[in-house]
Structures are given as C-alpha cells and as structure tokens.
Amino acid sequence: MTSDLSSSLSRLIPYWGAGTVPEGSTLGRYVSAATIDLLNHPQAIGNHFDYRKAIPMIGLDVEDVYPNGRTALSDEYTDLSYMVSQYGPPESAVNAMREGTSAANVGFYPPDILQSLREKAAIKKFGRPRVPGEFDVIGTEGAQGAIGYTFLTFLNHGDEVIITDPGYMHFASCAVAVGATPVPIALTEANNYRLTAADVERAITPRTKMLVVCDPINPFGTVQPRESLLEIARLCHEHNIVIFNNTTHSGHQIDPSIQQVPMASLYNEVPTEHIMSASGLSKSHGLAAIRVGFLAGSAAFIKAVASVRMEITKIHINYIGQLGALAAMQDEAYVAASTEWLRGNAKLLADAVKDIDGVRQPIAPEYGFSTMLDVAETGVTAQELTVALFKRKQAVIPGDALGDVGATDYVRVNFSHRDRGRIERFVDVLPDAIREAQKGVYRDAVIDFFRHQKSQRGQRIIDNIESRRG
C-alpha cells in the first residue's frame with residue numbers, strides 16, 4: 001500500500017510524497033540543515049494526512065480525481081478542506097480585471113501596489129490610516145507571501161516562534177524552514193480556544209523572537225477579545241518580541257455580536273511598532289488566484305521586509321489582480337451578501353451535527369468559514385474518517401495537519417460553498433462514513449502512511465489506532 005500511495009502522489013505533484021530524509025542520503029549531504037528539518041517536519045507538505053492520501057487507498061487513480069491535470073477536484077467532489085472562499089469572487093472584481101487586461105497593463109513591472117489600493121488596505125484590512133514614514137503597507141503574494149517574507153526578515157537560526165496548536169500548518173513549517181523553532185500553545189476548552197496573555201507569558205523564553213497571533217484563529221474561527229490583544233501587545237513589547245498578526249479570516253462576521261480587532265488599529269492605546277500585520281483576498285473575496293496580499297507595519301520594519309522580498313523574488317504584484325482587488329474592496333454589497341450566506345451555512349452545519357452520534361463542534365465560529373468537528377467519540381480516527389468521506393466524494397482535512405492537539409480527533413471543515421446542497425450532502429453521508437470507518441477497513445493503510453513518515457506525531461497516531469483494534 002505504501003508504494004502504491006507514493007506512486008500515486010508522485011504523479012500528482014512529485015514533492016507530495018511523504019517520508020523523512022535518511023541519514024547519509026545524497027539529498028542530506030547537499031541541502032541545508034533547516035531544509036532537512038523542514039522535510040522531516042510533520043506539518044510540511046506531503047507529511048500530514050489529507051484527502052489526497054485517500055486516493056490510492058480507495059482504489060482511485062489521480063486522473064480520476066483531477067481532470068485535465070488541474071490540481072482542483074472535479075465538480076462531482078465537494079472540497080471542504082481547501083481554505084479559499086468557495087462562495088466565489090465579486091462580479092465587480094472580475095469585470096475590473098477583464099476591462100483592465102490590455103497590452104499596456106500586462107507589459108510592465110509594477111513596483112508594488114497602487115497607492116489607492118495601499119490606502120484602502122490600510123483602512124479596510126488593518127484599521128489604521130497609512131502615514132508615510134510611520135505606518136505603511138506593501139503588497140505580497142497573498143497572506144502566505146507575507147508569512148514567508150516576515151519570517152525570513154526577523155528570525156535567526158535558533159529563535160523561537162510562539163504559535164497556536166491547532167493552527168495554520170504553515171506557521172510551524174515556515175518557522176522550521178528558516179531555522180527557527182515553533183513553540184505551540186494548546187487551544188482547548190480551558191482557554192476557550194483562544195490565546196491569553198498568561199499562556200503567552202508562560203511560553204516566553206530568552207530565545208523567543210516572535211509570537212503569531214492568527215485572529216480570527218484558523219481553524220476554530222474564534223476571535224481574540226480586545227483587552228486580550230492589548231495585554232499581549234504590551235507583554236511582547238516589554239520582551240522585544242515581534243508580533244505577526246494574521247487577520248486573513250476577518251472578512252466574514254459569522255457572529256454579529258463579536259467584533260474582530262486588527263492589532264494595528266490599537267496604535268493609540270499601546271505600542272505597535274513591534275507588530276507586523278498581514279491579510280489577503282483569498283478568504284474575504286474569493287480571489288485566491290490573483291495572489292494579491294498585504295503586509296503592514298512601522299515604516300522601518302516594512303522597508304526591511306521589502307528589501308528582503310526584493311532580493312528573494314523581486315516580486316512585482318500582479319497589476320491586473322490589483323485592479324480586481326481594488327474593485328472587490330469597494331464592493332460593500334458583496335461583503336454583506338456573502339456574510340449572510342456563510343452565516344446560513346454555519347447554522348446548517350452546526351444544527352445538523354448535533355444529531356450525529358459521536359460528533360460534536362467544540363466551539364462555534366465567530367468569523368471566517370472554517371470550523372472543527374470533534375469525532376473522538378465515534379471510536380475512529382479523523383484520518384480513517386477522512387478516507388471514508390473521500391470515498392463519498394467529500395474532502396476534509398484531519399487534525400494532524402494542524403498540530404498535536406486533536407491530531408486524531410479533529411476534522412476541519414470549510415463551510416463557504418455557494419451551493420448549500422453541498423453542505424447538506426456532507427452531513428447526510430457523514431454517519432455512513434463513520435460506520436464504514438468503524439469497521440477498520442482503512443486502519444492498515446493509514447498506519448502504513450504514518451509508518452513511512454517516521455515522525456513522532458505519526459507514531460502517536462499509529463499507537464492511537466492500534467489501541468482501538470478489536
């Protein structure tokens with residue numbers, strides 16, 4: 001099964017196969033120590049479990065799933081794992097890009113982002129007006145680009161980065177890629193699935209260089225209270241710790257009683273020169289392919305990041321995409337309509353899972369379009385359930401992609417689909433998928449995957465599955 005799995009994934013994209021770098025291997029003799037650590041990290045690409053690993057396990061071939069070589073599931077599947085807005089982009093943005101596609105607009109290198117877009121992003125995404133020489137915004141390839149450039153600019157080998165667990169997988173793996181060490185804070189019922197200043201203070205050591213505040217938090221959709229953000233900002237300023245505030249999931253307010261606060265907007269109440277803020281348009285406006293994101297901070301910090309960005313990629317932000325981004329951020333009607341739709345999807349999903357034995361929602365999302373389902377009481381791991389769901393053409397992501405906490409218990413679900421019938425279909429097939437997984441039919445295949453991976457997290461998952469045999 002392992003060889004079949006590796007072969008199938010290698011035809012999809014060669015580097016998606018899992019496995020560690022053996023000692024003495026050719027690769028190990030040439031690549032950097034940080035790269036070896038990354039390749040061995042359980043949250044690096046290919047090393048965590050997802051629906052792609054189910055393809056050979058249920059007897060499919062890559063070509064059955066991805067038509068015409070495009071790495072997006074065919075329409076007969078429902079992808080509840082991929083973290084882009086499936087509500088779709090505003091028509092205003094599509095029209096702006098269509099009208100702006102001319103020879104003049106595609107034949108030059110835009111040095112960064114349009115001034116009008118820079119001003120709009122400062123207010124709309126970060127809650128603070130742009131002040132040249134004091135607070136500024138640059139463009140990046142989505143919020144993902146902002147993560148990479150910021151980590152490269154501020155982190156040295158051996159530095160520690162405080163993150164959440166569960167959390168967006170690339171915060172951990174990107175830290176490892178630049179030679180830093182991720183230090184997780186567990187998100188549980190005890191802290192209401194949020195960071196607290198007390199949690200952060202306990203995690204600080206002399207090596208702490210950065211704290212990641214992902215707010216709203218991927219994957220729970222919970223929001224940091226304003227007072228908590230003020231406490232965290234003061235604490236990190238006292239300890240000379242850079243805060244990376246990722247607000248990319250703040251586009252949709254699911255709970256009308258909760259208000260998400262960008263940390264940059266607190267500049268009149270606490271020091272904010274140590275805060276770097278990132279956001280994008282993939283989640284808020286369904287514009288993932290244009291790769292337009294934003295990074296904001298003090299002018300000195302922004303200059304440092306921009307200098308690193310220039311030497312690494314010399315990136316010039318997609319000009320046609322910028323035109324679409326500007327139109328999207330001016331489209332208030334789109335935000336209102338998409339938010340209302342997502343609220344309906346969130347309620348449908350929450351109401352439905354209450355009636356499914358062994359499944360519970362730890363906490364309802366307040367912003368964004370992701371939520372966690374805890375399947376521990378079903379008696380099967382999230383990985384086995386992921387395979388059974390994919391057999392029913394439902395794609396989800398299990399907890400090991402997001403950390404140690406809930407690694408075998410959690411399934412993350414993206415509920416943003418424009419077709420509400422897709423959410424209903426997922427809920428309808430979930431009990432049958434659980435029953436099939438309970439028979440243990442995918443147990444050995446999942447064990448083989450993690451045995452090949454050779455990580456401590458993988459071994460814990462193997463032990464968990466083995467303990468349920470019989």
# chains A, B, ... in the order shown; residues from 1 in each chain; ligands from 1
$ residues_around --residues "Pro365 of chain A" --least-positions-apart "2" --cutoff "7 Å" --atoms "only C-alpha atoms" --output "PyMOL selection string"
chain A and resi 220-222+254+363+367+371
$ write_last_selection --atoms "C-alpha atoms" --output "JSON list (two decimals), in the first residue's frame"
[["chain", "number", "residue", "atom", "x", "y", "z"],
["A", 220, "PHE", "CA", -11.77, 27.38, 15.04],
["A", 221, "GLY", "CA", -12.90, 30.78, 13.77],
["A", 222, "THR", "CA", -12.60, 32.24, 17.27],
["A", 254, "ILE", "CA", -20.45, 35.00, 11.47],
["A", 363, "ILE", "CA", -16.93, 25.86, 19.61],
["A", 367, "TYR", "CA", -15.59, 34.85, 11.95],
["A", 371, "THR", "CA", -14.83, 25.08, 11.98]]
$ residues_around --residues "Tyr267 of chain A" --least-positions-apart "2" --cutoff "12 Å" --atoms "only C-alpha atoms" --output "number ranges by chain"
A: 126-129, 134-135, 229-230, 233-234, 261-265, 269-275, 297-298
$ select_by_dssp --residues "segment 47-159 of chain A" --states "helix (DSSP H, G or I)" --output "VMD selection string"
chain A and resid 51 to 57 62 to 65 67 to 69 91 to 100 103 to 106 115 to 126 142 to 154
$ write_last_selection --atoms "C-alpha atoms" --output "tab-separated table (two decimals), in the first residue's frame"
chain	number	residue	atom	x	y	z
A	51	TYR	CA	-7.80	13.59	1.31
A	52	ARG	CA	-5.09	13.19	-1.33
A	53	LYS	CA	-3.68	10.28	0.65
A	54	ALA	CA	-7.08	8.59	0.32
A	55	ILE	CA	-6.90	8.43	-3.49
A	56	PRO	CA	-4.99	5.12	-3.73
A	57	MET	CA	-6.49	3.81	-0.50
A	62	VAL	CA	-5.06	10.63	-9.73
A	63	GLU	CA	-6.62	11.12	-13.16
A	64	ASP	CA	-9.98	10.00	-11.73
A	65	VAL	CA	-9.93	12.86	-9.27
A	67	PRO	CA	-9.40	16.16	-14.60
A	68	ASN	CA	-7.05	17.51	-17.27
A	69	GLY	CA	-4.12	17.69	-14.86
A	91	GLU	CA	-18.51	40.18	-10.16
A	92	SER	CA	-17.19	43.72	-9.80
A	93	ALA	CA	-13.66	42.36	-9.37
A	94	VAL	CA	-13.93	40.02	-12.34
A	95	ASN	CA	-15.21	42.86	-14.52
A	96	ALA	CA	-12.43	45.21	-13.38
A	97	MET	CA	-9.79	42.64	-14.31
A	98	ARG	CA	-11.44	41.89	-17.63
A	99	GLU	CA	-11.62	45.58	-18.53
A	100	GLY	CA	-8.08	46.21	-17.29
A	103	ALA	CA	-1.24	45.39	-23.63
A	104	ALA	CA	-0.26	48.46	-21.61
A	105	ASN	CA	-1.27	46.86	-18.34
A	106	VAL	CA	0.43	43.48	-18.80
A	115	GLN	CA	-1.44	53.98	-4.00
A	116	SER	CA	-5.23	53.79	-3.92
A	117	LEU	CA	-5.06	50.08	-3.08
A	118	ARG	CA	-2.41	50.74	-0.42
A	119	GLU	CA	-4.64	53.34	1.24
A	120	LYS	CA	-7.70	51.09	1.01
A	121	ALA	CA	-5.88	48.09	2.51
A	122	ALA	CA	-4.56	50.14	5.43
A	123	ILE	CA	-8.09	51.12	6.48
A	124	LYS	CA	-10.11	48.07	5.41
A	125	LYS	CA	-7.71	45.33	6.48
A	126	PHE	CA	-5.73	46.88	9.33
A	142	GLY	CA	-1.34	36.70	-0.73
A	143	ALA	CA	-1.07	36.50	3.05
A	144	GLN	CA	1.12	33.41	2.50
A	145	GLY	CA	3.82	35.58	0.94
A	146	ALA	CA	3.60	37.90	3.92
A	147	ILE	CA	4.30	34.98	6.26
A	148	GLY	CA	7.41	33.92	4.37
A	149	TYR	CA	8.92	37.38	3.97
A	150	THR	CA	8.29	38.30	7.60
A	151	PHE	CA	9.80	35.10	8.95
A	152	LEU	CA	12.84	35.48	6.71
A	153	THR	CA	13.33	39.09	7.79
A	154	PHE	CA	13.02	38.74	11.56
$ residues_around --residues "Pro431 of chain A" --least-positions-apart "6" --cutoff "12 Å" --atoms "only C-alpha atoms" --output "ChimeraX atom specification"
/A:352-359,375,378,385,388-389,392,425,437-438
$ write_last_selection --atoms "C-alpha atoms" --output "compact mmCIF listing (two decimals), in the first residue's frame"
# COMPACT_ATOMS: atom_id res chain seq x y z
CA ALA A 352 -27.03 19.04 11.74
CA VAL A 353 -24.00 17.64 13.59
CA LYS A 354 -25.84 17.86 16.91
CA ASP A 355 -27.88 14.86 15.78
CA ILE A 356 -24.91 12.68 14.73
CA ASP A 357 -23.69 10.26 17.39
CA GLY A 358 -20.08 10.75 18.42
CA VAL A 359 -19.63 14.10 16.59
CA VAL A 375 -15.08 12.86 16.13
CA THR A 378 -17.08 7.76 17.19
CA LEU A 385 -12.83 9.05 8.57
CA ALA A 388 -14.27 7.10 4.20
CA LEU A 389 -15.57 10.59 3.45
CA ARG A 392 -18.23 9.53 -0.71
CA ARG A 425 -24.77 16.26 1.31
CA ALA A 437 -14.53 3.61 9.22
CA GLN A 438 -15.58 1.88 12.44
$ select_by_dssp --residues "segment 287-363 of chain A" --states "strand (DSSP E)" --output "JSON, numbers by chain"
{"A": [293, 294, 295, 296, 297, 298]}
$ closest_residue --among "A:Thr164, A:Gln459, A:Gln361, A:Asn414" --to "Pro182 of chain A" --atoms "only C-alpha atoms"
A:Thr164
$ closest_residue --among "A:Ala401, A:Pro225, A:Asn245, A:Tyr87" --to "Arg343 of chain A" --atoms "only C-alpha atoms"
A:Tyr87
$ closest_residue --among "A:Ile397, A:Gln224, A:Arg469, A:Ile462" --to "Asn191 of chain A" --atoms "only C-alpha atoms"
A:Gln224
$ closest_residue --among "A:Leu281, A:Val387, A:Leu114, A:Leu295" --to "Phe49 of chain A" --atoms "only C-alpha atoms"
A:Val387
$ closest_residue --among "A:Ile58, A:Met372, A:Val131, A:Val137" --to "Val441 of chain A" --atoms "only C-alpha atoms"
A:Ile58
$ closest_residue --among "A:Gln253, A:Ser416, A:Thr381, A:Gln456" --to "Arg468 of chain A" --atoms "only C-alpha atoms"
A:Thr381
$ atom_distance --atom1 "atom CA of Glu231 of chain A" --atom2 "atom CA of Asn218 of chain A"
21.1 Å
